[in-house]
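Enquirer: Below is the structure I would like to discuss, written out as structure tokens.
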Amino acid sequence: KAGPFDAYSISLRFQPGADVYRPQMALQVDTATFPSSSVVDITPYLAPAGFQIELATDTDNGSASITMISLPGDVEEGLRIYAYGDGTLLFNGFLPDGGTAWNEDGTVTLSCVDALFKLRLPYGGIDRTYDSASGDTDTNVAQNVVEAAGVDVSLTSIQGEGRAIGTAQDVVIKGGGIDIDGNPSAADSLMEFLRLLDTSVVPNHATFTRANGAVYRRPREIGSSVASFSTSNAWGFTRRRQPGSIVNKWLVKGLPIADIPTEAEASATNSYLVFPWEYNSQERNSYLVDDPIWAQDLADWLLADTNGRLNIVTWTTTLNNQTDILGSTATVTSSRHDLSSTLVYVAGVRHSADRQTATSSFTGVFRD
């Protein structure tokens with residue numbers, strides 16, 4: 001006699017990223033002035049949509065978009081905001097002026113930024129002068145510039161080449177003030193200067209923020225891997241080659257000295273570029289480069305870095321709490337995407353958390 005289940009079969013399949021757990025989200029506001037702390041928990045105000053956090057090496061600052069059921073009384077623009085997922089600090093920043101939006105459905109969106117945002121604002125201090133005779137290098141100048149924007153030294157981790165800055169002439173960052181004629185003078189952008197500094201040294205560097213809210217400066221190149229991802233711990237892999245991404249001829253233009261150009265060129269053939277398009281050229285202009293040897297070093301490095309096809313790889317994991325992945329190298333393996341222990345530079349991380357799931361999405365790049 002047939003049993004009650006004889007005519008049925010059951011198929012179970014695990015889909016990575018499915019609703020297999022409910023993440024523990026937490027949100028806090030710090031009402032005290034740094035370095036003091038007076039943390040208030042505002043997690044009960046979190047809407048079901050939760051939050052999305054974007055951190056990248058090539059953006060001016062990290063950001064967090066947080067949806068609230070209503071605006072907590074303790075939250076004011078200018079205060080620090082901490083976002084956690086599964087007990088891990090995912091974002092340490094603040095709510096800037098104009099960062100609060102009341103939505104049609106009654107919810108409130110907090111658009112938060114991190115410490116690096118301060119470098120985007122016009123510099124309003126006294127002029128800052130750097131020169132090699134004072135021992136100024138790209139490393140300590142980058143540190144000084146970040147602190148000049150009001151970022152506390154405890155929230156910095158700055159590395160560099162140690163390249164002397166201001167040998168041929170002083171390098172000056174101008175603060176907004178009144179000139180000798182009594183007119184307001186334009187303030188320089190600390191962010192623009194820092195990006196120029198990062199792209200003038202060998203190797204190029206990137207200045208960015210990680211989940212703990214600190215400002216990091218690291219070489220922008222592939223090095224030793226700090227994490228590994230494959231189909232066993234990640235899903236949603238994609239890989240795209242960027243059209244026209246090969247650059248096999250570079251001209252570096254530095255600071256003219258006594259009306260003599262400081263320039264250098266580097267070029268090489270590439271099998272993917274054929275007659276009559278043998279070369280794809282770009283220029284790098286930097287008044288910080290003040291000697292021909294530096295210019296040649298930079299041109300040679302740029303050529304080695306870009307004479308290949310740019311590949312952009314993305315993948316997703318459950319919430320990842322390894323904070324040193326951004327701006328570092330990861331190993332990626334996916335046979336369907338022809339990736340076999342491929343080393344990629346991790347240029348972006350996106351954390352998304354709501355009441356159902358929490359994931360981390362990564363963007364990595366490499367050239368072949």
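Each chain in the structure tokens gets a letter, A, B, ..., in the order shown, and its residues are numbered from 1; ligands are numbered from 1 in order too.
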Near range 173-190 of chain A, counting only C-alpha atoms, which residues have an atom at most 10 Å away, once you skip same-chain residues fewer than 5 positions from it, shown as an NGL selection string?

Expert: :A and (118-130 or 142 or 145-146 or 148-149 or 195-196)

Enquirer: Can you list, as a list in words, all residues belonging to range 7-237 of chain A that DSSP tags as alpha helix (DSSP H)?

Expert: Asp138, Thr139, Asn140, Val141, Ala142, Gln143, Asn144, Val145, Val146, Glu147, Ala148, Leu190, Met191, Glu192, Phe193, Leu194, Arg195, Leu196, Leu197 and Asp198 of chain A

Enquirer: Tell me, as a tab-separated table (two decimals) with C-alpha atoms, in the first residue's frame, which residues lie within 9 Å of Leu116 in chain A, counting only C-alpha atoms; anything in the same chain fewer than 2 positions away does not count.

Expert:
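Writing the result to out_39.tsv gives the following:
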chain	number	residue	atom	x	y	z
A	60	ASP	CA	36.45	61.84	-2.21
A	61	ASN	CA	34.88	60.27	0.86
A	62	GLY	CA	32.94	57.28	2.16
A	113	VAL	CA	29.92	61.14	5.26
A	114	ASP	CA	33.24	60.19	6.81
A	118	LYS	CA	36.47	67.54	5.39
A	119	LEU	CA	39.22	67.75	2.76
A	120	ARG	CA	36.62	68.65	0.12
A	146	VAL	CA	44.88	65.49	6.39
A	149	ALA	CA	41.43	69.51	7.46
A	151	VAL	CA	41.08	65.00	11.03
A	191	MET	CA	41.52	67.24	-1.60
A	207	THR	CA	44.07	58.15	0.23
A	208	PHE	CA	40.73	56.80	1.46
A	209	THR	CA	38.74	55.79	4.52
A	213	GLY	CA	36.51	55.94	10.00
A	214	ALA	CA	40.27	56.38	9.81
A	215	VAL	CA	42.02	57.95	6.80

Enquirer: With a distance cut-off of 8 Å and only C-alpha atoms, select the neighbouring residues of Leu95 in chain A, excluding the residue or stretch itself and same-chain residues fewer than 5 positions from it, and output the selection as a ChimeraX atom specification.

Expert: /A:76-81,100,110-113

Enquirer: Just N, CA, C and O atoms for this one: save the residues we selected as a compact mmCIF listing (two decimals), in the first residue's frame.

Expert:
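Dumped everything to part.txt:
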# COMPACT_ATOMS: atom_id res chain seq x y z
N GLU A 76 21.44 65.32 15.38
CA GLU A 76 21.58 66.66 14.80
C GLU A 76 22.69 66.64 13.77
O GLU A 76 23.64 65.84 13.88
N GLU A 77 22.58 67.49 12.78
CA GLU A 77 23.63 67.59 11.78
C GLU A 77 24.92 68.06 12.44
O GLU A 77 24.92 68.98 13.26
N GLY A 78 26.01 67.41 12.10
CA GLY A 78 27.31 67.69 12.70
C GLY A 78 27.75 66.64 13.70
O GLY A 78 28.94 66.57 14.03
N LEU A 79 26.83 65.77 14.14
CA LEU A 79 27.18 64.75 15.12
C LEU A 79 27.70 63.48 14.44
O LEU A 79 27.39 63.20 13.29
N ARG A 80 28.49 62.72 15.20
CA ARG A 80 29.06 61.49 14.67
C ARG A 80 28.02 60.36 14.68
O ARG A 80 27.20 60.27 15.60
N ILE A 81 28.09 59.51 13.64
CA ILE A 81 27.17 58.39 13.47
C ILE A 81 27.98 57.11 13.32
O ILE A 81 28.94 57.05 12.56
N THR A 100 20.07 65.67 6.16
CA THR A 100 18.80 65.10 6.62
C THR A 100 17.72 65.37 5.59
O THR A 100 17.55 66.50 5.12
N LEU A 110 19.15 59.72 6.41
CA LEU A 110 20.37 60.38 6.86
C LEU A 110 21.48 60.07 5.85
O LEU A 110 21.83 58.91 5.65
N SER A 111 22.00 61.09 5.19
CA SER A 111 23.10 60.92 4.23
C SER A 111 24.39 61.33 4.91
O SER A 111 24.72 62.52 4.99
N CYS A 112 25.11 60.34 5.41
CA CYS A 112 26.30 60.59 6.23
C CYS A 112 27.58 60.50 5.41
O CYS A 112 27.62 59.85 4.37
N VAL A 113 28.61 61.15 5.89
CA VAL A 113 29.92 61.14 5.26
C VAL A 113 30.97 60.80 6.32
O VAL A 113 30.69 60.84 7.51

Enquirer: Nearest residue to Val313 in chain A out of A:Asn270, A:Ser361, A:Asn248, A:Thr88, using only C-alpha atoms?

Expert: A:Ser361

Enquirer: Looking at only C-alpha atoms, which of A:Asp86, A:Val344, A:Ser286, A:Phe362 is the one that sits closest to Glu192 in chain A?

Expert: A:Ser286

Enquirer: Figure out the distance between CA of Ser200 in chain A and CA of Ala133 in chain A, please, to one decimal in Å.

Expert: 19.4 Å

Enquirer: Using Å and a single decimal, report how far CA of Arg217 in chain A sits from CA of Gly150 in chain A.

Expert: 16.6 Å

Enquirer: Excluding Arg240 in chain A and residues on its chain fewer than 4 positions from it, collect all residues at most 12 Å away from it, counting only C-alpha atoms, and give them as a ChimeraX atom specification.

Expert: /A:245,309-314,337-339,363-368

Enquirer: Based on the selection just made, write all heavy atoms of those residues as a short mmCIF file (atom, residue, chain, number, x, y, z; two decimals), in the first residue's frame.

Expert:
data_model
loop_
_atom_site.label_atom_id
_atom_site.label_comp_id
_atom_site.auth_asym_id
_atom_site.auth_seq_id
_atom_site.Cartn_x
_atom_site.Cartn_y
_atom_site.Cartn_z
N SER A 245 41.24 50.62 -22.65
CA SER A 245 41.90 50.88 -21.38
C SER A 245 43.42 50.76 -21.44
O SER A 245 44.11 51.14 -20.49
CB SER A 245 41.36 49.92 -20.31
OG SER A 245 41.55 48.58 -20.70
N ARG A 309 45.07 45.36 -20.54
CA ARG A 309 43.61 45.56 -20.55
C ARG A 309 43.08 45.60 -19.13
O ARG A 309 43.34 44.70 -18.32
CB ARG A 309 42.95 44.44 -21.35
CG ARG A 309 43.36 44.38 -22.81
CD ARG A 309 42.83 43.13 -23.49
NE ARG A 309 43.41 41.92 -22.91
CZ ARG A 309 43.09 40.68 -23.30
NH1 ARG A 309 42.21 40.51 -24.27
NH2 ARG A 309 43.67 39.64 -22.74
N LEU A 310 42.31 46.65 -18.82
CA LEU A 310 41.75 46.79 -17.48
C LEU A 310 40.55 45.87 -17.32
O LEU A 310 39.59 45.92 -18.09
CB LEU A 310 41.31 48.24 -17.25
CG LEU A 310 40.68 48.54 -15.88
CD1 LEU A 310 41.68 48.31 -14.76
CD2 LEU A 310 40.14 49.97 -15.84
N ASN A 311 40.62 44.99 -16.30
CA ASN A 311 39.54 44.09 -15.96
C ASN A 311 38.88 44.56 -14.66
O ASN A 311 39.58 44.86 -13.68
CB ASN A 311 40.05 42.66 -15.75
CG ASN A 311 40.48 42.00 -17.04
OD1 ASN A 311 39.81 41.10 -17.54
ND2 ASN A 311 41.62 42.43 -17.60
N ILE A 312 37.56 44.61 -14.66
CA ILE A 312 36.80 44.99 -13.47
C ILE A 312 36.02 43.77 -13.01
O ILE A 312 35.23 43.19 -13.76
CB ILE A 312 35.85 46.16 -13.77
CG1 ILE A 312 36.64 47.37 -14.28
CG2 ILE A 312 35.05 46.52 -12.52
CD1 ILE A 312 35.77 48.52 -14.73
N VAL A 313 36.26 43.35 -11.78
CA VAL A 313 35.65 42.15 -11.21
C VAL A 313 34.79 42.55 -10.02
O VAL A 313 35.21 43.37 -9.19
CB VAL A 313 36.73 41.13 -10.77
CG1 VAL A 313 36.08 39.87 -10.23
CG2 VAL A 313 37.67 40.81 -11.92
N THR A 314 33.58 41.99 -9.93
CA THR A 314 32.73 42.23 -8.78
C THR A 314 32.26 40.90 -8.20
O THR A 314 32.15 39.91 -8.91
CB THR A 314 31.50 43.09 -9.16
OG1 THR A 314 30.69 42.37 -10.10
CG2 THR A 314 31.92 44.42 -9.76
N HIS A 337 34.42 32.47 -14.83
CA HIS A 337 34.85 33.80 -15.26
C HIS A 337 36.34 33.83 -15.58
O HIS A 337 36.94 34.91 -15.66
CB HIS A 337 34.52 34.83 -14.16
CG HIS A 337 33.06 34.88 -13.84
ND1 HIS A 337 32.47 34.00 -12.96
CD2 HIS A 337 32.07 35.70 -14.30
CE1 HIS A 337 31.17 34.27 -12.88
NE2 HIS A 337 30.90 35.29 -13.67
N ASP A 338 36.93 32.64 -15.75
CA ASP A 338 38.34 32.50 -16.10
C ASP A 338 39.22 33.23 -15.09
O ASP A 338 40.19 33.91 -15.44
CB ASP A 338 38.60 33.03 -17.52
CG ASP A 338 39.93 32.53 -18.09
OD1 ASP A 338 40.44 31.53 -17.57
OD2 ASP A 338 40.45 33.16 -19.03
N LEU A 339 38.89 33.05 -13.83
CA LEU A 339 39.66 33.64 -12.74
C LEU A 339 40.21 32.49 -11.89
O LEU A 339 39.44 31.75 -11.26
CB LEU A 339 38.79 34.55 -11.88
CG LEU A 339 38.17 35.77 -12.58
CD1 LEU A 339 37.12 36.42 -11.69
CD2 LEU A 339 39.25 36.77 -12.95
N THR A 363 34.44 45.46 -5.45
CA THR A 363 34.90 45.75 -6.79
C THR A 363 36.42 45.68 -6.81
O THR A 363 37.08 46.37 -6.03
CB THR A 363 34.46 47.14 -7.27
OG1 THR A 363 33.01 47.21 -7.27
CG2 THR A 363 34.96 47.43 -8.68
N GLY A 364 36.95 44.83 -7.68
CA GLY A 364 38.40 44.70 -7.80
C GLY A 364 38.84 44.93 -9.23
O GLY A 364 38.05 44.77 -10.17
N VAL A 365 40.09 45.33 -9.42
CA VAL A 365 40.61 45.58 -10.76
C VAL A 365 41.97 44.92 -10.93
O VAL A 365 42.73 44.75 -9.97
CB VAL A 365 40.73 47.10 -11.04
CG1 VAL A 365 39.36 47.76 -11.04
CG2 VAL A 365 41.64 47.78 -10.02
N PHE A 366 42.25 44.51 -12.16
CA PHE A 366 43.58 44.03 -12.53
C PHE A 366 43.73 44.21 -14.04
O PHE A 366 42.75 44.49 -14.75
CB PHE A 366 43.78 42.57 -12.13
CG PHE A 366 43.02 41.57 -12.96
CD1 PHE A 366 43.63 40.92 -14.04
CD2 PHE A 366 41.69 41.26 -12.67
CE1 PHE A 366 42.93 39.99 -14.79
CE2 PHE A 366 40.99 40.34 -13.42
CZ PHE A 366 41.60 39.71 -14.49
N ARG A 367 44.93 44.07 -14.52
CA ARG A 367 45.17 44.18 -15.97
C ARG A 367 45.80 42.89 -16.50
O ARG A 367 46.54 42.21 -15.78
CB ARG A 367 46.09 45.37 -16.28
CG ARG A 367 45.40 46.71 -16.05
CD ARG A 367 46.26 47.89 -16.49
NE ARG A 367 45.63 49.17 -16.17
CZ ARG A 367 44.98 49.92 -17.06
NH1 ARG A 367 44.90 49.52 -18.32
NH2 ARG A 367 44.44 51.07 -16.71
N ASP A 368 45.46 42.58 -17.75
CA ASP A 368 46.05 41.41 -18.38
C ASP A 368 46.47 41.75 -19.81
O ASP A 368 46.30 42.86 -20.27
CB ASP A 368 45.09 40.21 -18.37
CG ASP A 368 43.81 40.48 -19.15
OD1 ASP A 368 43.66 41.55 -19.77
OD2 ASP A 368 42.95 39.58 -19.15
#

Enquirer: Taking only C-alpha atoms into account, which of A:Ile69, A:Leu343, A:Ile158, A:Leu298 comes nearest Glu263 in chain A?

Expert: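 For Glu263 in chain A, the nearest of the given residues is A:Leu298.
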
Enquirer: Quick one: residues within 8 Å of Thr167 in chain A, only C-alpha atoms counted, chain neighbours fewer than 5 positions away excluded, as a count of residues only?

Expert: 4

Enquirer: Fewer than 3 positions away in the same chain doesn't count, so skip those; otherwise give me all residues within 10 Å of Ile53 in chain A, counting only C-alpha atoms, as an MDAnalysis selection string.

Expert: chainID A and resid 62:66 83 90:91 111:113 211 349:353 360

Enquirer: For the residues in the current selection, export N, CA, C and O atoms as an mmCIF file, in the first residue's frame.

Expert:
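Full text of again-v3.cif as output:
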data_model
loop_
_atom_site.group_PDB
_atom_site.id
_atom_site.type_symbol
_atom_site.label_atom_id
_atom_site.label_comp_id
_atom_site.auth_asym_id
_atom_site.auth_seq_id
_atom_site.Cartn_x
_atom_site.Cartn_y
_atom_site.Cartn_z
ATOM 1 N N GLY A 62 33.917 58.345 1.976
ATOM 2 C CA GLY A 62 32.941 57.284 2.156
ATOM 3 C C GLY A 62 31.595 57.875 2.530
ATOM 4 O O GLY A 62 31.494 59.020 2.978
ATOM 5 N N SER A 63 30.535 57.086 2.350
ATOM 6 C CA SER A 63 29.193 57.595 2.625
ATOM 7 C C SER A 63 28.312 56.480 3.158
ATOM 8 O O SER A 63 28.567 55.295 2.945
ATOM 9 N N ALA A 64 27.258 56.880 3.844
ATOM 10 C CA ALA A 64 26.267 55.939 4.353
ATOM 11 C C ALA A 64 24.893 56.567 4.200
ATOM 12 O O ALA A 64 24.676 57.718 4.592
ATOM 13 N N SER A 65 23.975 55.814 3.609
ATOM 14 C CA SER A 65 22.588 56.241 3.488
ATOM 15 C C SER A 65 21.761 55.400 4.445
ATOM 16 O O SER A 65 21.681 54.175 4.300
ATOM 17 N N ILE A 66 21.163 56.039 5.433
ATOM 18 C CA ILE A 66 20.468 55.338 6.512
ATOM 19 C C ILE A 66 19.006 55.793 6.532
ATOM 20 O O ILE A 66 18.728 56.993 6.569
ATOM 21 N N ALA A 83 27.517 52.955 12.470
ATOM 22 C CA ALA A 83 26.621 51.909 11.986
ATOM 23 C C ALA A 83 27.296 50.562 12.137
ATOM 24 O O ALA A 83 28.462 50.380 11.742
ATOM 25 N N LEU A 90 30.754 49.112 10.685
ATOM 26 C CA LEU A 90 30.805 49.234 9.231
ATOM 27 C C LEU A 90 31.010 50.670 8.771
ATOM 28 O O LEU A 90 31.459 50.896 7.648
ATOM 29 N N PHE A 91 30.668 51.629 9.623
ATOM 30 C CA PHE A 91 30.789 53.030 9.219
ATOM 31 C C PHE A 91 30.978 53.895 10.457
ATOM 32 O O PHE A 91 30.269 53.755 11.451
ATOM 33 N N SER A 111 22.003 61.089 5.186
ATOM 34 C CA SER A 111 23.096 60.918 4.226
ATOM 35 C C SER A 111 24.391 61.331 4.911
ATOM 36 O O SER A 111 24.717 62.522 4.993
ATOM 37 N N CYS A 112 25.114 60.342 5.412
ATOM 38 C CA CYS A 112 26.295 60.586 6.235
ATOM 39 C C CYS A 112 27.577 60.503 5.407
ATOM 40 O O CYS A 112 27.616 59.849 4.366
ATOM 41 N N VAL A 113 28.608 61.150 5.890
ATOM 42 C CA VAL A 113 29.922 61.136 5.256
ATOM 43 C C VAL A 113 30.967 60.804 6.316
ATOM 44 O O VAL A 113 30.686 60.835 7.513
ATOM 45 N N ALA A 211 36.234 51.230 7.230
ATOM 46 C CA ALA A 211 35.039 51.146 8.064
ATOM 47 C C ALA A 211 35.214 51.785 9.437
ATOM 48 O O ALA A 211 34.248 52.296 10.019
ATOM 49 N N VAL A 349 34.052 48.810 -1.744
ATOM 50 C CA VAL A 349 33.270 47.912 -0.895
ATOM 51 C C VAL A 349 31.922 48.565 -0.628
ATOM 52 O O VAL A 349 31.850 49.768 -0.332
ATOM 53 N N ARG A 350 30.867 47.781 -0.748
ATOM 54 C CA ARG A 350 29.522 48.277 -0.449
ATOM 55 C C ARG A 350 28.850 47.321 0.523
ATOM 56 O O ARG A 350 28.695 46.139 0.244
ATOM 57 N N HIS A 351 28.471 47.841 1.689
ATOM 58 C CA HIS A 351 27.746 47.052 2.684
ATOM 59 C C HIS A 351 26.261 47.438 2.632
ATOM 60 O O HIS A 351 25.923 48.632 2.668
ATOM 61 N N SER A 352 25.397 46.433 2.575
ATOM 62 C CA SER A 352 23.953 46.667 2.581
ATOM 63 C C SER A 352 23.334 45.802 3.664
ATOM 64 O O SER A 352 23.609 44.594 3.738
ATOM 65 N N ALA A 353 22.500 46.408 4.499
ATOM 66 C CA ALA A 353 21.872 45.657 5.581
ATOM 67 C C ALA A 353 20.439 46.140 5.773
ATOM 68 O O ALA A 353 20.179 47.346 5.817
ATOM 69 N N SER A 360 28.003 42.137 1.661
ATOM 70 C CA SER A 360 29.106 43.020 1.281
ATOM 71 C C SER A 360 29.431 42.740 -0.184
ATOM 72 O O SER A 360 29.596 41.581 -0.568
#

Enquirer: Please report, as a list in words, each residue of range 184-250 of chain A to which DSSP assigns strand (DSSP E or B) when run on this structure's backbone.

Expert: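 Of range 184-250 of chain A, only Pro184, Ser185, Ser189, His205, Ala206, Thr207, Phe208, Thr209, Val215, Tyr216, Arg217, Arg218, Pro219, Ser225, Val226, Ala227, Ser228, Phe229, Trp235, Gly236, Phe237, Thr238, Arg239, Arg240, Arg241, Lys249 and Trp250 of chain A fall in strand (DSSP E or B).
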
Enquirer: What does the distance between CA of Val29 in chain A and CA of Leu55 in chain A come to in Å, to one decimal place?

Expert: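 About the pair CA of Val29 in chain A and CA of Leu55 in chain A: they are 19.9 Å apart.
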
Enquirer: For Ala115 in chain A, which of A:Asp41, A:Ala168, A:Tyr216, A:Pro23 is the closest residue, counting only C-alpha atoms?

Expert: A:Tyr216
